[in-house]
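Text of the file target13.tsv, holding TSV, C-alpha atoms and all ligand atoms:
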chain	number	residue	atom	x	y	z
A	1	MET	CA	132.08	-41.80	-103.76
A	2	LYS	CA	133.90	-39.86	-106.47
A	3	SER	CA	136.76	-37.53	-105.51
A	4	ILE	CA	136.14	-33.85	-106.20
A	5	TYR	CA	139.74	-33.79	-107.51
A	6	GLY	CA	138.68	-36.06	-110.38
A	7	MET	CA	136.50	-33.29	-111.84
A	8	SER	CA	137.91	-31.08	-114.57
A	9	LEU	CA	136.78	-27.48	-114.81
A	10	LYS	CA	134.53	-28.48	-117.71
A	11	ASP	CA	133.04	-31.37	-115.69
A	12	LEU	CA	132.26	-28.98	-112.85
A	13	GLU	CA	130.70	-26.47	-115.26
A	14	ASN	CA	128.42	-29.23	-116.55
A	15	TYR	CA	127.69	-30.34	-113.01
A	16	PHE	CA	126.65	-26.88	-111.82
A	17	GLU	CA	124.79	-26.24	-115.03
A	18	SER	CA	122.70	-29.31	-114.29
A	19	ILE	CA	122.02	-28.48	-110.64
A	20	ASP	CA	121.32	-24.73	-110.69
A	21	GLY	CA	122.47	-23.36	-114.04
A	22	LYS	CA	125.34	-21.40	-112.45
A	23	LYS	CA	128.46	-22.47	-114.31
A	24	PHE	CA	130.62	-19.81	-112.62
A	25	ARG	CA	130.61	-21.88	-109.44
A	26	SER	CA	133.13	-24.22	-111.10
A	27	HIS	CA	135.71	-21.41	-110.99
A	28	GLN	CA	134.97	-20.74	-107.33
A	29	VAL	CA	135.38	-24.41	-106.45
A	30	PHE	CA	138.61	-24.76	-108.45
A	31	ASP	CA	139.96	-21.70	-106.70
A	32	TRP	CA	139.25	-23.21	-103.28
A	33	LEU	CA	140.72	-26.57	-104.26
A	34	TYR	CA	143.89	-25.53	-106.05
A	35	ARG	CA	144.73	-21.95	-104.92
A	36	LYS	CA	143.49	-21.87	-101.36
A	37	LYS	CA	143.99	-25.62	-100.89
A	38	VAL	CA	141.07	-26.12	-98.50
A	39	THR	CA	140.48	-29.57	-97.09
A	40	SER	CA	136.69	-29.53	-96.71
A	41	PHE	CA	133.63	-28.23	-98.56
A	42	GLU	CA	132.59	-26.17	-95.50
A	43	GLU	CA	135.62	-23.91	-95.99
A	44	MET	CA	134.30	-22.72	-99.38
A	45	THR	CA	132.75	-19.66	-97.80
A	46	ASN	CA	131.54	-17.96	-100.97
A	47	VAL	CA	129.53	-21.02	-102.01
A	48	LYS	CA	125.89	-21.18	-100.83
A	49	LYS	CA	125.01	-23.63	-98.06
A	50	ASP	CA	122.57	-25.68	-100.17
A	51	VAL	CA	125.25	-26.02	-102.90
A	52	ILE	CA	127.80	-27.14	-100.30
A	53	ASP	CA	125.32	-29.76	-99.08
A	54	LYS	CA	124.83	-31.02	-102.64
A	55	LEU	CA	128.61	-31.18	-103.21
A	56	LYS	CA	128.96	-33.18	-99.98
A	57	GLU	CA	126.32	-35.59	-101.17
A	58	ASP	CA	128.00	-36.14	-104.54
A	59	PHE	CA	131.75	-35.96	-103.87
A	60	SER	CA	134.30	-36.91	-101.30
A	61	PHE	CA	137.34	-34.83	-100.45
A	62	ASN	CA	140.21	-37.15	-99.62
A	63	THR	CA	140.22	-40.52	-101.33
A	64	ILE	CA	143.85	-41.34	-100.59
A	65	GLU	CA	145.65	-41.21	-97.29
A	66	LEU	CA	149.38	-40.70	-96.85
A	67	ILE	CA	150.58	-43.35	-94.42
A	68	GLN	CA	154.36	-43.40	-94.80
A	69	VAL	CA	157.23	-41.34	-96.21
A	70	GLU	CA	160.77	-42.66	-96.72
A	71	ARG	CA	163.35	-39.96	-97.31
A	72	ASP	CA	166.65	-40.06	-99.12
A	73	GLU	CA	168.89	-37.12	-100.02
A	74	LEU	CA	167.17	-36.26	-103.29
A	75	THR	CA	164.21	-38.62	-103.20
A	76	ASN	CA	161.14	-39.21	-101.09
A	77	LYS	CA	158.94	-42.26	-101.45
A	78	TYR	CA	155.29	-41.91	-100.43
A	79	LEU	CA	152.99	-44.77	-99.52
A	80	PHE	CA	149.26	-44.13	-99.79
A	81	ARG	CA	146.24	-46.12	-98.65
A	82	LEU	CA	143.22	-45.92	-100.94
A	83	ASN	CA	139.61	-45.94	-99.81
A	84	ASP	CA	139.24	-49.64	-100.60
A	85	GLY	CA	142.32	-50.54	-98.53
A	86	GLU	CA	144.68	-50.95	-101.51
A	87	HIS	CA	148.08	-49.25	-101.50
A	88	ILE	CA	150.06	-47.32	-104.09
A	89	GLU	CA	153.29	-45.35	-104.13
A	90	ALA	CA	154.60	-42.11	-105.61
A	91	VAL	CA	158.15	-40.81	-105.71
A	92	LEU	CA	159.43	-37.27	-105.49
A	93	MET	CA	162.76	-36.40	-107.11
A	94	LYS	CA	164.41	-33.08	-106.31
A	95	HIS	CA	166.14	-31.73	-109.40
A	96	ASP	CA	167.94	-28.43	-109.83
A	97	TYR	CA	165.17	-27.45	-112.26
A	98	GLY	CA	162.30	-28.25	-109.85
A	99	ASN	CA	160.36	-30.95	-108.04
A	100	SER	CA	159.41	-33.91	-110.17
A	101	ILE	CA	156.88	-36.52	-109.08
A	102	CYS	CA	156.49	-40.01	-110.46
A	103	VAL	CA	152.86	-41.04	-109.95
A	104	SER	CA	151.11	-44.41	-110.07
A	105	SER	CA	148.21	-44.95	-112.45
A	106	GLN	CA	146.97	-48.40	-111.40
A	107	VAL	CA	146.97	-50.79	-108.47
A	108	GLY	CA	149.25	-53.54	-109.84
A	109	CYS	CA	149.97	-53.89	-113.55
A	110	ASN	CA	149.06	-56.48	-116.17
A	111	MET	CA	151.99	-55.84	-118.50
A	112	GLY	CA	154.29	-58.29	-116.72
A	113	CYS	CA	157.67	-56.79	-117.71
A	114	LYS	CA	160.10	-59.33	-116.35
A	115	PHE	CA	162.53	-56.84	-114.78
A	116	CYS	CA	159.86	-54.80	-113.02
A	117	GLU	CA	158.95	-55.10	-109.38
A	118	SER	CA	155.70	-53.16	-109.87
A	119	GLY	CA	154.46	-55.66	-112.43
A	120	ARG	CA	154.84	-58.68	-110.15
A	121	ARG	CA	151.34	-58.01	-108.89
A	122	LYS	CA	148.57	-58.27	-111.46
A	123	LYS	CA	146.33	-55.27	-111.95
A	124	VAL	CA	143.72	-55.00	-109.23
A	125	ARG	CA	142.10	-51.88	-110.60
A	126	ASN	CA	142.66	-48.61	-112.41
A	127	LEU	CA	143.19	-45.48	-110.36
A	128	LEU	CA	140.65	-42.73	-110.82
A	129	ALA	CA	141.86	-39.35	-112.05
A	130	GLY	CA	141.16	-37.86	-108.60
A	131	GLU	CA	143.36	-40.47	-106.92
A	132	ILE	CA	146.23	-39.52	-109.21
A	133	VAL	CA	145.72	-35.77	-108.68
A	134	GLU	CA	145.66	-36.33	-104.93
A	135	GLN	CA	149.11	-37.97	-105.05
A	136	ILE	CA	150.47	-34.61	-106.21
A	137	LEU	CA	148.51	-32.61	-103.64
A	138	GLU	CA	149.66	-34.83	-100.77
A	139	VAL	CA	153.30	-34.55	-101.81
A	140	GLU	CA	153.03	-30.77	-102.21
A	141	LYS	CA	151.54	-30.61	-98.72
A	142	ASP	CA	154.40	-32.69	-97.31
A	143	LEU	CA	157.03	-30.57	-99.05
A	144	ASN	CA	155.30	-27.26	-98.70
A	145	GLU	CA	156.57	-26.63	-102.21
A	146	LYS	CA	155.10	-26.85	-105.67
A	147	ILE	CA	155.47	-29.85	-107.95
A	148	THR	CA	156.77	-28.60	-111.28
A	149	HIS	CA	157.15	-31.82	-113.30
A	150	VAL	CA	155.08	-35.01	-113.48
A	151	VAL	CA	156.06	-38.37	-114.93
A	152	MET	CA	153.63	-41.26	-115.19
A	153	MET	CA	156.14	-44.03	-114.58
A	154	GLY	CA	155.02	-45.36	-111.21
A	155	ILE	CA	152.94	-48.50	-110.68
A	156	GLY	CA	150.77	-49.31	-113.71
A	157	GLU	CA	150.64	-48.86	-117.46
A	158	PRO	CA	149.04	-45.45	-118.07
A	159	PHE	CA	147.62	-46.41	-121.48
A	160	ASP	CA	145.80	-49.31	-119.84
A	161	ASN	CA	143.88	-46.59	-117.96
A	162	TYR	CA	143.50	-44.14	-120.80
A	163	GLU	CA	140.31	-42.29	-119.81
A	164	GLU	CA	141.46	-41.50	-116.29
A	165	ILE	CA	145.03	-40.49	-117.15
A	166	THR	CA	143.88	-38.11	-119.87
A	167	LYS	CA	141.38	-36.59	-117.44
A	168	PHE	CA	144.21	-36.31	-114.89
A	169	ILE	CA	146.35	-34.41	-117.42
A	170	GLU	CA	143.46	-32.06	-118.21
A	171	ILE	CA	143.05	-31.23	-114.50
A	172	ILE	CA	146.69	-30.70	-113.57
A	173	ASN	CA	147.46	-28.72	-116.72
A	174	ASP	CA	144.56	-26.31	-116.20
A	175	ASN	CA	145.84	-22.87	-115.18
A	176	LEU	CA	143.05	-22.69	-112.63
A	177	GLY	CA	144.01	-26.21	-111.45
A	178	LEU	CA	147.61	-27.08	-110.64
A	179	GLY	CA	148.90	-25.23	-113.71
A	180	ILE	CA	151.61	-27.78	-114.52
A	181	GLY	CA	152.83	-27.04	-118.05
A	182	ALA	CA	152.09	-29.73	-120.63
A	183	ARG	CA	155.76	-29.91	-121.56
A	184	HIS	CA	156.52	-30.76	-117.93
A	185	ILE	CA	154.24	-33.80	-118.04
A	186	THR	CA	155.45	-37.15	-119.39
A	187	VAL	CA	153.39	-40.24	-120.05
A	188	SER	CA	155.34	-43.47	-120.27
A	189	THR	CA	154.06	-46.56	-122.05
A	190	CYS	CA	155.41	-50.03	-122.67
A	191	GLY	CA	153.95	-49.70	-126.18
A	192	ILE	CA	150.19	-50.23	-126.44
A	193	VAL	CA	149.97	-49.43	-130.14
A	194	PRO	CA	146.25	-48.48	-130.51
A	195	LYS	CA	146.55	-46.08	-127.57
A	196	ILE	CA	149.68	-44.44	-129.02
A	197	LYS	CA	147.62	-43.75	-132.15
A	198	GLU	CA	144.75	-42.38	-130.07
A	199	PHE	CA	147.15	-40.26	-128.01
A	200	ALA	CA	148.38	-38.59	-131.21
A	201	ASP	CA	145.03	-36.77	-131.27
A	202	PHE	CA	145.08	-35.82	-127.58
A	203	PRO	CA	145.14	-32.02	-127.63
A	204	TYR	CA	147.81	-31.42	-124.98
A	205	GLN	CA	151.51	-30.98	-125.78
A	206	VAL	CA	152.69	-33.56	-123.22
A	207	ASN	CA	155.76	-35.77	-123.67
A	208	LEU	CA	155.61	-39.43	-124.60
A	209	ALA	CA	158.23	-41.90	-123.37
A	210	ILE	CA	158.39	-45.46	-124.66
A	211	SER	CA	159.80	-48.25	-122.55
A	212	LEU	CA	161.65	-50.05	-125.32
A	213	HIS	CA	164.42	-52.00	-123.53
A	214	ALA	CA	165.35	-54.16	-126.55
A	215	PRO	CA	166.07	-53.48	-130.23
A	216	ASN	CA	164.39	-56.59	-131.72
A	217	ASP	CA	161.27	-58.69	-131.17
A	218	GLU	CA	163.07	-61.85	-130.14
A	219	LEU	CA	164.84	-60.21	-127.23
A	220	ARG	CA	162.01	-57.86	-126.35
A	221	SER	CA	159.46	-60.65	-126.07
A	222	LYS	CA	161.72	-62.39	-123.53
A	223	ILE	CA	161.55	-59.44	-121.16
A	224	MET	CA	158.34	-57.63	-122.16
A	225	PRO	CA	155.23	-59.73	-122.89
A	226	ILE	CA	153.59	-56.72	-124.64
A	227	SER	CA	155.98	-57.45	-127.49
A	228	LYS	CA	153.95	-60.56	-128.30
A	229	ALA	CA	150.90	-58.38	-128.88
A	230	TYR	CA	152.64	-55.63	-130.88
A	231	SER	CA	155.85	-56.13	-132.81
A	232	ILE	CA	158.60	-53.52	-132.85
A	233	LYS	CA	157.65	-52.75	-136.47
A	234	GLU	CA	154.04	-52.04	-135.44
A	235	LEU	CA	155.30	-49.97	-132.53
A	236	MET	CA	157.68	-47.92	-134.67
A	237	ASP	CA	155.00	-47.37	-137.35
A	238	ALA	CA	152.62	-46.05	-134.67
A	239	LEU	CA	155.33	-43.78	-133.28
A	240	LYS	CA	156.10	-42.37	-136.72
A	241	GLU	CA	152.39	-41.69	-137.17
A	242	TYR	CA	152.34	-40.06	-133.73
A	243	TYR	CA	155.33	-37.89	-134.63
A	244	ASP	CA	153.86	-36.90	-138.01
A	245	LYS	CA	150.73	-35.66	-136.26
A	246	THR	CA	152.27	-34.00	-133.19
A	247	SER	CA	155.89	-33.11	-134.10
A	248	ARG	CA	156.69	-33.96	-130.49
A	249	ARG	CA	160.09	-35.44	-129.84
A	250	LEU	CA	159.94	-38.99	-128.51
A	251	SER	CA	162.00	-40.48	-125.74
A	252	PHE	CA	162.94	-44.12	-125.39
A	253	GLU	CA	163.68	-45.72	-122.05
A	254	TYR	CA	166.25	-48.50	-122.13
A	255	VAL	CA	167.03	-50.32	-118.89
A	256	MET	CA	170.52	-51.84	-118.93
A	257	LEU	CA	170.36	-55.53	-117.96
A	258	ASP	CA	173.64	-57.34	-117.59
A	259	GLY	CA	174.24	-59.85	-120.39
A	260	VAL	CA	170.70	-59.44	-121.71
A	261	ASN	CA	170.33	-56.26	-123.74
A	262	ASP	CA	173.62	-54.43	-123.14
A	263	THR	CA	175.85	-55.87	-125.89
A	264	GLU	CA	177.54	-53.87	-128.65
A	265	GLU	CA	175.32	-55.68	-131.19
A	266	CYS	CA	172.23	-54.45	-129.32
A	267	ALA	CA	173.57	-50.89	-129.35
A	268	ILE	CA	174.18	-51.01	-133.13
A	269	GLU	CA	170.77	-52.55	-133.75
A	270	LEU	CA	169.12	-49.90	-131.58
A	271	ALA	CA	170.94	-47.11	-133.41
A	272	ASN	CA	169.73	-48.51	-136.75
A	273	LEU	CA	166.18	-48.83	-135.46
A	274	LEU	CA	166.01	-45.20	-134.31
A	275	LYS	CA	168.03	-43.59	-137.10
A	276	GLY	CA	166.22	-40.59	-138.59
A	277	LEU	CA	163.63	-40.36	-135.81
A	278	ASN	CA	163.49	-37.16	-133.74
A	279	CYS	CA	164.11	-38.80	-130.40
A	280	TYR	CA	166.51	-39.46	-127.59
A	281	VAL	CA	167.38	-42.54	-125.61
A	282	ASN	CA	167.57	-42.64	-121.86
A	283	LEU	CA	169.85	-45.43	-120.60
A	284	ILE	CA	168.76	-46.57	-117.15
A	285	PRO	CA	171.14	-48.48	-114.89
A	286	TYR	CA	169.00	-51.38	-113.62
A	287	ASN	CA	167.98	-51.29	-109.98
A	288	GLU	CA	168.33	-54.80	-108.66
A	289	THR	CA	165.66	-56.17	-106.35
A	290	GLU	CA	165.73	-59.30	-104.25
A	291	ASN	CA	162.81	-60.92	-106.09
A	292	ILE	CA	164.08	-60.62	-109.67
A	293	GLU	CA	167.14	-62.33	-111.09
A	294	PHE	CA	168.34	-59.61	-113.50
A	295	LYS	CA	171.56	-57.81	-112.70
A	296	ARG	CA	172.70	-54.30	-113.48
A	297	SER	CA	175.07	-53.86	-116.44
A	298	ARG	CA	178.63	-52.94	-115.57
A	299	SER	CA	179.32	-49.24	-115.97
A	300	ASP	CA	181.97	-49.84	-118.68
A	301	LYS	CA	179.30	-51.66	-120.72
A	302	ILE	CA	176.83	-48.85	-120.23
A	303	ASN	CA	179.50	-46.36	-121.33
A	304	LYS	CA	180.32	-48.42	-124.42
A	305	PHE	CA	176.61	-48.67	-125.30
A	306	TYR	CA	176.30	-44.92	-124.86
A	307	ASP	CA	179.33	-44.25	-127.10
A	308	ILE	CA	177.98	-46.45	-129.91
A	309	LEU	CA	174.66	-44.60	-129.90
A	310	LYS	CA	176.46	-41.24	-129.84
A	311	LYS	CA	178.73	-42.24	-132.71
A	312	ASN	CA	175.62	-43.13	-134.69
A	313	ASP	CA	174.11	-39.68	-134.07
A	314	ILE	CA	171.49	-40.85	-131.60
A	315	ASP	CA	170.87	-38.41	-128.74
A	316	VAL	CA	171.41	-40.35	-125.57
A	317	THR	CA	171.58	-39.70	-121.83
A	318	LYS	CA	172.47	-41.87	-118.87
A	319	ARG	CA	169.81	-41.48	-116.26
A	320	ARG	CA	170.92	-39.96	-113.01
A	321	GLU	CA	170.13	-42.35	-110.20
A	322	PHE	CA	167.49	-41.60	-107.66
A	323	GLY	CA	166.10	-43.44	-104.70
A	324	GLY	CA	167.87	-46.81	-104.95
A	325	ASN	CA	168.38	-46.88	-101.16
A	326	ILE	CA	164.69	-46.65	-100.43
A	327	SER	CA	163.50	-48.86	-103.31
A	328	ALA	CA	162.04	-45.80	-104.98
A	329	ALA	CA	163.99	-46.12	-108.18
A	330	CYS	CA	162.60	-46.96	-111.58
A	331	GLY	CA	160.95	-50.42	-111.63
A	332	GLN	CA	161.25	-50.84	-107.86
A	333	LEU	CA	157.91	-49.42	-106.83
A	334	ARG	CA	155.79	-51.98	-105.13
A	335	SER	CA	154.17	-51.49	-101.84
A	336	LYS	CA	155.70	-53.73	-99.21
A	337	LYS	CA	152.18	-53.65	-97.76
A	338	GLU	CA	150.98	-55.85	-100.59
A	339	GLU	CA	153.46	-58.54	-99.57
A	340	GLN	CA	152.30	-58.75	-95.99
A	401	LIG	S1	157.54	-51.55	-116.37
A	401	LIG	FE1	155.60	-50.41	-116.29
A	401	LIG	S2	154.30	-51.51	-117.77
A	401	LIG	FE2	155.99	-52.91	-117.30
A	401	LIG	S3	155.20	-54.19	-115.59
A	401	LIG	FE3	156.31	-52.42	-114.70
A	401	LIG	S4	154.71	-50.91	-114.27
A	401	LIG	FE4	153.86	-52.38	-115.75

Any chance you could put this one into structure tokens?
Amino acid sequence: MKSIYGMSLKDLENYFESIDGKKFRSHQVFDWLYRKKVTSFEEMTNVKKDVIDKLKEDFSFNTIELIQVERDELTNKYLFRLNDGEHIEAVLMKHDYGNSICVSSQVGCNMGCKFCESGRRKKVRNLLAGEIVEQILEVEKDLNEKITHVVMMGIGEPFDNYEEITKFIEIINDNLGLGIGARHITVSTCGIVPKIKEFADFPYQVNLAISLHAPNDELRSKIMPISKAYSIKELMDALKEYYDKTSRRLSFEYVMLDGVNDTEECAIELANLLKGLNCYVNLIPYNETENIEFKRSRSDKINKFYDILKKNDIDVTKRREFGGNISAACGQLRSKKEEQ
């Protein structure tokens, strides 16, 4: 049964319109869900009994269950069981500017990036918008604090689940929903070109991050199979089109793999590729895992790479590290449950 948290305000208006013509009930229900944070339909005391019964018939309340939390100084990793017995993870990072959550968008992932633990398991299914919203609600409940920032960089490729992730954004951005500002929401993609073009018309000012990880097709196709479907030229053309339509600054993720993509030549090539684009590059020290042979670049190589980009007027940051001790860092998410 569908999660009530997968319904946007508009969806609920349409729903109530169709059952008794009283659209205002959508506001009442949203208020109970996101302000008063009730955990059952019965607690919605200003909603009529027959309407409660209808809601119970049509929707379920909790479609994910929190079964484990691993805690580090600045990071918590959450393991959830879904209604069909599958498992997913989400990660909380405590920043000085707020609480940021990295949510999963699929069970498994078909993109097969060679350095990524999450992609070792093929996609089993897309998550529904409600299952993604509930990740945030469960973490807020655990923390007893508000989530202020959301990144879609957990398990899955968000643009391979376009309908549900855009619905998810609509729900969490709604002021009557979780009220998370669009500029505090980031969608990350490995570069599904048609969806980048479609996303340019998505009417929310959210951030787009591109997992680039290599400055040319030859290297990129060795570590990211998506590169065989869309060349870097096609990707960059789509991003320019996206920027022309949205004027939103782009960010590029670049994981630093020892001896693979961390040479000075790669840095120069990357600088040339991005020259003139309103963007910044996020260099990510690779988080090694026991199942994948890639190694982390030495810090002097990361620094050199960083300097070359800087010298070439490319805005660049080195990502602060979170969650390596509990396998909650970037590219490490993969439920141990799936390996049992
Ligand atoms: S990096 Fe992202 S897109 Fe690539 S396999 Fe991992 S989860 Fe999928």

> Do you know which residues are within 7 Å of ligand LIG 401 (chain A) using all atoms listed in the file? Can you write them as a PyMOL selection string?
Replying inline: chain A and resi 109-113+116-119+153-157+189-190+331

>> I'd like the contact shell of segment 2-13 of chain A - 9 Å cut-off, all atoms listed in the file, skipping same-chain residues fewer than 2 positions apart - returned as JSON, numbers by chain.
In response: {"A": [15, 16, 17, 18, 21, 22, 23, 24, 25, 26, 27, 29, 30, 33, 55, 58, 59, 60, 61, 62, 63, 128, 129, 130, 131, 132, 133, 134, 164, 167, 168, 170, 171, 172, 174, 176, 177]}

So for segment 146-163 of chain A, what box centre and size do we get, axis-aligned, 6 Å extra on each of the six sides, every listed atom, Å to one decimal, as JSON?
{"center_x": 148.7, "center_y": -38.1, "center_z": -113.6, "size_x": 28.8, "size_y": 34.5, "size_z": 27.8}

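Across A:Lys54, A:Lys36, A:Lys245, A:His184, the tightest approach to Phe202 of chain A is made by A:Lys245 when counting all atoms listed in the file.
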
> Out of A:Glu138, A:Asp217, A:Asp20, A:Asp201, which residue has the shortest atom-to-atom distance to Leu273 of chain A when counting all atoms listed in the file?
Replying inline: A:Asp217

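For the choices A:Met93, A:Glu269, A:Cys279, A:Glu264, the atom-to-atom distance to Tyr306 of chain A is smallest for A:Glu264 when using only C-alpha atoms.
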
>> Applying 10 Å and only C-alpha atoms, which residues near Tyr204 of chain A remain after dropping the ones on its own chain fewer than 3 positions away? List them as a PyMOL selection string.
In response: chain A and resi 166+169-170+173+181-183+185+199-201+207+246
